[in-house]
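**Student:** The structure follows.
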Amino acid sequence: MKTSAFSLATGLLLAGLATMAAAQAPTPPAAPSATGALTGTVLDSLSRQPVAYATVVLLPATGDKPITGVAADDQGKFSLTKLAAGTFRLRASYVGYGTRTRTVTVGVGATEVGALRLPVAAQALAEAVIVGQRPVVEVRPDRIVYNADQDASNAGGTAQDVLRKAPLLAVDGDGNVKMRGSGNFKVLVNNKPSPTLAKNLAEALKSIPADQIKSVEVITTPSAKYDGEGTAGIINIILKKGVDQGLNGRIGASGGNRNYGLNSALNFRKGKVNFTSSANVGGWYNPGEFSRERINFTPAGNDTLRQRSNNSNKGNWTYGTVGLDYDPAEHHSFSLAGAVDGYRGSSTQNLFSQDKASFPVSNPLYFRNTKSLFSGLNVEGTGTYTRTFATARKEWSVLGQYALNNGTFGYDFDQYSNSYLPLEQSQADYREHSRGRTPGHEVTFQTDFTQPFGDKRTLEIGAKAIFRRTASVANVDTLYSAQSADFTTSRRRATDFSYAQDVQAAYATYGFGVGKKVNISLGGRVERTSIAADFRTNNSGFNRSYVTPLPNGNVRYAFSDATSLRAAYSRRITRPFIDYLNPFVDRSDAKNINFGNPDLSPELTDSYELSYNTNIKTMSINASLSARHTGNAIEQVRFLTTNPLTPLPPGVLPDPSVTVQTFANVAANTFYQFNVYLSAKPSPKWDLSAGPDVQYIVRRSPSLNASNQGFMVGTNFNSSYKVTKTFTVQGFVYASTRSPEIQGTGPANLYYQMGVKKTVLKEKADLVLNFGSPFNRYWPYRTTTNTQFFTENSENRSFQRSFRLSFAYRFGQAGQGKQRKAIENNDTKGGNSQRGG
């Protein structure tokens, strides 16, 4: 109160003095009213992509003392308001780029200045742009961006190869992806979901060519605008698309000992219409070896199981996209996008199994030939209307999407009891066939509105509804040679299961500045989930619904334009997908049975993160401390069938030599994490990025009477050097230690790759030769499982030694078109599952 009174008195005194002075002085001309405004966008001069959080300042016609300034938003858009009329200079800058200065004239009302295109710093010289390239890795305040199109070793590969090298991500020998050590995340393609990725991520990533991927964005703390799914964060794969003008495209081919492919793209823009398309086909081949030793503890004594197998996995895929953008008038735009993704594959396994026990067990010695089959067909269509306004950053959009996602799975096996080797099929004493399908579709509606209030305040609101329908239908036929000559359908093992999930959500986020250095964003999301299941084989089912509030907020303090500190909190939800829920019983290995759990509940996770970002000339550093806690985590668990607490599916009888594997809400998991990522350009020809990731993981499960904790450390290193204008060499290494799991330990990981790229045909074509893990024949992924009923050690040998030769030819003039809105259904768990059912 004293301060306020003093301020008021001082203000009145100064006002009185000013009035007296004005009465004695000549009357000056009226000052021009400050009613002008400048709006525009800051873009990368090469990629035409927004430069998020770039600094934009208004300078006088002469001199370098700023009049006012603002930071661009995450789409590179900026707005300067309350400006006096006149001629000024507008300057944009961001660490890692050169500056761009333009003379502007401010009048009455808003003036659109268009795009300010920043050159890469190493290629900028006195405001002139020289041909250059973006860094392989960019560190931004809210995400880390891996520019895959700048990495020579990606040519001819797939999305799986690209994600293997992105910061904070890891891919094992089976193609399973982890983000910061967790499998709980969501993958988007061009900011929208893909049913293929949600259903079976490991297989689906093989069908997206690396040559089509522009960049991968790793978002560790998504805002409330995103769906509440993905506790570890979001992986956004940005595909190459769009043009500035004219007709352009590319064609390419690649071949090697692990995969092959043909890819193409055709794009053009004419007037108000922009068209993009791509068509791609390819295939893969991966051999492997597997071994297991398990000791079961029973009241009758110990039972030792030893298994070994040779595996061969192969398949093919097709992938195509089409997009049409139409801008009928200023501030109005329509967009249509479609994608078709199909894949088909098989896996053959020759398994030898030997069980030694002091008591009778089923199938003590056998050899089994198994062929597993799977396929998927996914078709997506998205329509968007976007309305912008004369006021900068004000925007309204409406989106709708339909997605069809069908899949099939199955296996055939012939079992030879008391044999170390396969015999003639007629000598098999037991045979089994199984076929199933998982039909499904999704319908999504979404609307978003952004309303700015001045330069530093913004309100974002939106609503969304998702309607999912999926099912699993499967049958099993058995043949006991001693009893029958024909297969017989096993009715008790059939599955006819349908599942409906509806999600309605609304969100609001308010962002505002406090002074010149602090920016705060506070928001929340409310999601209502309704689920229904119908088990037609036994005339049972259930219906449930629940409402989940998901608060979200962050504070960013800018020490300078180049350095900031950010604190964030969010609560996120994880709903199980069909692979986790499907009750189909997979008996392709008689000693290890798998099935899903339709009674799963969603996970809720609280996440906290403190991150520090700084840029020093051509080097960016991101360091963060984070903690994530999930109280009802969904875990993959295994039990002996003789355990009285084990829920056995129909047709599975207690047997001390057999384990069952399923999913359950059984654990409380906490991840304490520290990671640093550095991206640098030591010289104009050299790009370097690297970073360690250290986690301390605590897992506890009272229901399993189990707990585990320990460190997991991972690191990656990526370097490229431009030897000449047309010749580049590239190297990459990723390594991680073993991880603590609720019932044991996960495997360590090592993968490295090197490649060379030669640009030919007047810089219109690239010839690339890559080598993957050339110095070791395979990598052994070793896992352990320890329970009070059994212990197990297994080793999965992934043959990663590979070579690939690729050729790509570009025609026309390529560029990046206008960024469009996209639906983001990132709210279900299960994308990493390898199970066909």
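Within each chain, counting starts at residue 1; across the structure tokens, chains are named A, B, ... in the order shown, with ligands numbered 1 upward in that order.
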I'd like to know which residues of segment 196-301 of chain A are strand (DSSP E or B) (by DSSP, run on the backbone); could you write them as JSON, numbers by chain?

**Tutor:** {"A": [209, 213, 214, 215, 216, 217, 218, 219, 234, 235, 236, 237, 238, 239, 246, 247, 248, 249, 250, 251, 252, 253, 254, 255, 256, 259, 260, 261, 262, 263, 264, 265, 266, 267, 268, 269, 270, 273, 274, 275, 276, 277, 278, 279, 280, 281, 282, 283, 284, 285, 286, 287, 288, 289, 290, 291, 292, 293, 294, 295, 296, 297, 298, 301]}

**Student:** Nearest to Leu769 of chain A among A:Gly288, A:Gly255, A:Pro650, A:Pro747, with distances taken over only C-alpha atoms: which residue is it?

**Tutor:**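 Result for the nearest residue to Leu769 of chain A: A:Gly255.
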
**Student:** Measuring atom to atom with only C-alpha atoms, identify which of A:Phe359, A:Asn405, A:Asn296, A:Gln427 is nearest to Asn643 of chain A.

**Tutor:**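 Closest to Asn643 of chain A of all the choices is A:Asn296.
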
**Student:** Of the candidates A:Gly256, A:Gly812, A:Pro364, A:Gly710, which one gets nearest to Phe671 of chain A if we count only C-alpha atoms?

**Tutor:**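 Going through A:Gly256, A:Gly812, A:Pro364, A:Gly710 one by one, the smallest distance to Phe671 of chain A is for A:Gly710.
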
**Student:** Can you list every residue of segment 677-781 of chain A that has an atom at most 6 Å from segment 619-638 of chain A, with its nearest atom pair and the distance in Å to one decimal, using only C-alpha atoms, ordered by chain then number, as a tab-separated table?

**Tutor:**
```
residue	atom	partner	partner_atom	distance
A:Tyr677	CA	A:Asn622	CA	5.2
A:Leu678	CA	A:Ile621	CA	4.6
A:Ser679	CA	A:Ser620	CA	5.2
A:Ala680	CA	A:Met619	CA	4.1
```

**Student:** Could you pull the residues within 8 Å of Tyr696 of chain A, counting only C-alpha atoms, minus those fewer than 2 positions along the same chain, as a ChimeraX atom specification?

**Tutor:** /A:671-673,694,698,709-712

**Student:** Would you save the residues of that selection, restricted to all heavy atoms, as a tab-separated table (two decimals), in the first residue's frame?

**Tutor:**
```tsv
chain	number	residue	atom	x	y	z
A	671	PHE	N	10.23	-43.48	-13.50
A	671	PHE	CA	11.44	-43.25	-14.29
A	671	PHE	C	12.04	-41.91	-13.88
A	671	PHE	O	11.40	-40.86	-14.04
A	671	PHE	CB	11.13	-43.21	-15.79
A	671	PHE	CG	10.71	-44.52	-16.39
A	671	PHE	CD1	9.45	-45.03	-16.15
A	671	PHE	CD2	11.57	-45.25	-17.19
A	671	PHE	CE1	9.04	-46.23	-16.70
A	671	PHE	CE2	11.19	-46.46	-17.74
A	671	PHE	CZ	9.92	-46.95	-17.50
A	672	TYR	N	13.26	-41.93	-13.35
A	672	TYR	CA	14.02	-40.71	-13.09
A	672	TYR	C	15.08	-40.61	-14.19
A	672	TYR	O	15.87	-41.54	-14.36
A	672	TYR	CB	14.69	-40.75	-11.72
A	672	TYR	CG	13.72	-40.96	-10.58
A	672	TYR	CD1	13.51	-42.23	-10.05
A	672	TYR	CD2	13.01	-39.89	-10.03
A	672	TYR	CE1	12.63	-42.43	-9.01
A	672	TYR	CE2	12.13	-40.08	-8.99
A	672	TYR	CZ	11.94	-41.36	-8.48
A	672	TYR	OH	11.05	-41.56	-7.44
A	673	GLN	N	15.09	-39.50	-14.89
A	673	GLN	CA	15.89	-39.46	-16.12
A	673	GLN	C	16.67	-38.16	-16.26
A	673	GLN	O	16.20	-37.08	-15.91
A	673	GLN	CB	14.94	-39.61	-17.32
A	673	GLN	CG	15.64	-39.87	-18.63
A	673	GLN	CD	14.67	-40.45	-19.64
A	673	GLN	OE1	13.46	-40.42	-19.45
A	673	GLN	NE2	15.18	-40.99	-20.71
A	694	VAL	N	20.60	-41.10	-19.23
A	694	VAL	CA	20.77	-41.89	-18.01
A	694	VAL	C	19.43	-41.97	-17.29
A	694	VAL	O	18.80	-40.94	-17.01
A	694	VAL	CB	21.83	-41.27	-17.08
A	694	VAL	CG1	21.99	-42.11	-15.81
A	694	VAL	CG2	23.16	-41.13	-17.81
A	698	VAL	N	12.45	-47.56	-11.32
A	698	VAL	CA	11.93	-48.27	-10.15
A	698	VAL	C	10.59	-48.90	-10.54
A	698	VAL	O	9.67	-48.20	-10.95
A	698	VAL	CB	11.74	-47.34	-8.95
A	698	VAL	CG1	11.18	-48.11	-7.75
A	698	VAL	CG2	13.04	-46.65	-8.59
A	709	GLN	N	14.76	-52.50	-9.66
A	709	GLN	CA	15.21	-51.13	-9.87
A	709	GLN	C	16.67	-51.14	-10.30
A	709	GLN	O	17.40	-52.10	-10.06
A	709	GLN	CB	15.03	-50.28	-8.62
A	709	GLN	CG	15.77	-50.79	-7.40
A	709	GLN	CD	15.36	-50.04	-6.14
A	709	GLN	OE1	14.25	-49.57	-6.02
A	709	GLN	NE2	16.28	-49.94	-5.20
A	710	GLY	N	17.06	-50.08	-10.99
A	710	GLY	CA	18.44	-49.98	-11.46
A	710	GLY	C	18.60	-48.95	-12.55
A	710	GLY	O	17.64	-48.32	-13.00
A	711	PHE	N	19.85	-48.77	-12.97
A	711	PHE	CA	20.17	-47.79	-13.99
A	711	PHE	C	20.09	-48.41	-15.38
A	711	PHE	O	20.34	-49.59	-15.58
A	711	PHE	CB	21.59	-47.24	-13.78
A	711	PHE	CG	21.70	-46.22	-12.69
A	711	PHE	CD1	22.13	-46.58	-11.42
A	711	PHE	CD2	21.36	-44.89	-12.92
A	711	PHE	CE1	22.23	-45.65	-10.41
A	711	PHE	CE2	21.47	-43.94	-11.92
A	711	PHE	CZ	21.90	-44.32	-10.66
A	712	MET	N	19.74	-47.57	-16.33
A	712	MET	CA	19.85	-47.88	-17.74
A	712	MET	C	20.50	-46.68	-18.42
A	712	MET	O	20.06	-45.55	-18.25
A	712	MET	CB	18.49	-48.16	-18.38
A	712	MET	CG	18.56	-48.39	-19.88
A	712	MET	SD	16.93	-48.64	-20.60
A	712	MET	CE	17.35	-48.63	-22.35
```

**Student:** Give the alpha helix (DSSP H) residues of segment 567-810 of chain A, as DSSP finds them on the backbone, and put them as a ChimeraX atom specification.

**Tutor:** /A:578-581

**Student:** Those selected residues, please, written with N, CA, C and O atoms and delivered as a PDB file, in the first residue's frame.

**Tutor:**
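Saved file again_1.pdb follows:
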```pdb
ATOM      1  N   ILE A 578      -6.013 -53.130 -29.433  1.00  0.00           N
ATOM      2  CA  ILE A 578      -6.535 -54.462 -29.686  1.00  0.00           C
ATOM      3  C   ILE A 578      -5.511 -55.553 -29.410  1.00  0.00           C
ATOM      4  O   ILE A 578      -5.847 -56.629 -28.919  1.00  0.00           O
ATOM      5  N   ASP A 579      -4.237 -55.338 -29.715  1.00  0.00           N
ATOM      6  CA  ASP A 579      -3.228 -56.371 -29.486  1.00  0.00           C
ATOM      7  C   ASP A 579      -3.122 -56.744 -28.009  1.00  0.00           C
ATOM      8  O   ASP A 579      -2.833 -57.888 -27.662  1.00  0.00           O
ATOM      9  N   TYR A 580      -3.333 -55.764 -27.131  1.00  0.00           N
ATOM     10  CA  TYR A 580      -3.272 -56.040 -25.701  1.00  0.00           C
ATOM     11  C   TYR A 580      -4.561 -56.671 -25.188  1.00  0.00           C
ATOM     12  O   TYR A 580      -4.557 -57.368 -24.171  1.00  0.00           O
ATOM     13  N   LEU A 581      -5.682 -56.406 -25.865  1.00  0.00           N
ATOM     14  CA  LEU A 581      -6.990 -56.853 -25.401  1.00  0.00           C
ATOM     15  C   LEU A 581      -7.425 -58.190 -25.990  1.00  0.00           C
ATOM     16  O   LEU A 581      -8.260 -58.885 -25.407  1.00  0.00           O
TER      17      LEU A 581
END
```

**Student:** Using only C-alpha atoms, pick whichever of A:Leu351, A:Ile237, A:Val340, A:Ala392 has the shortest atom-to-atom distance to Ala37 of chain A.

**Tutor:** A:Ala392
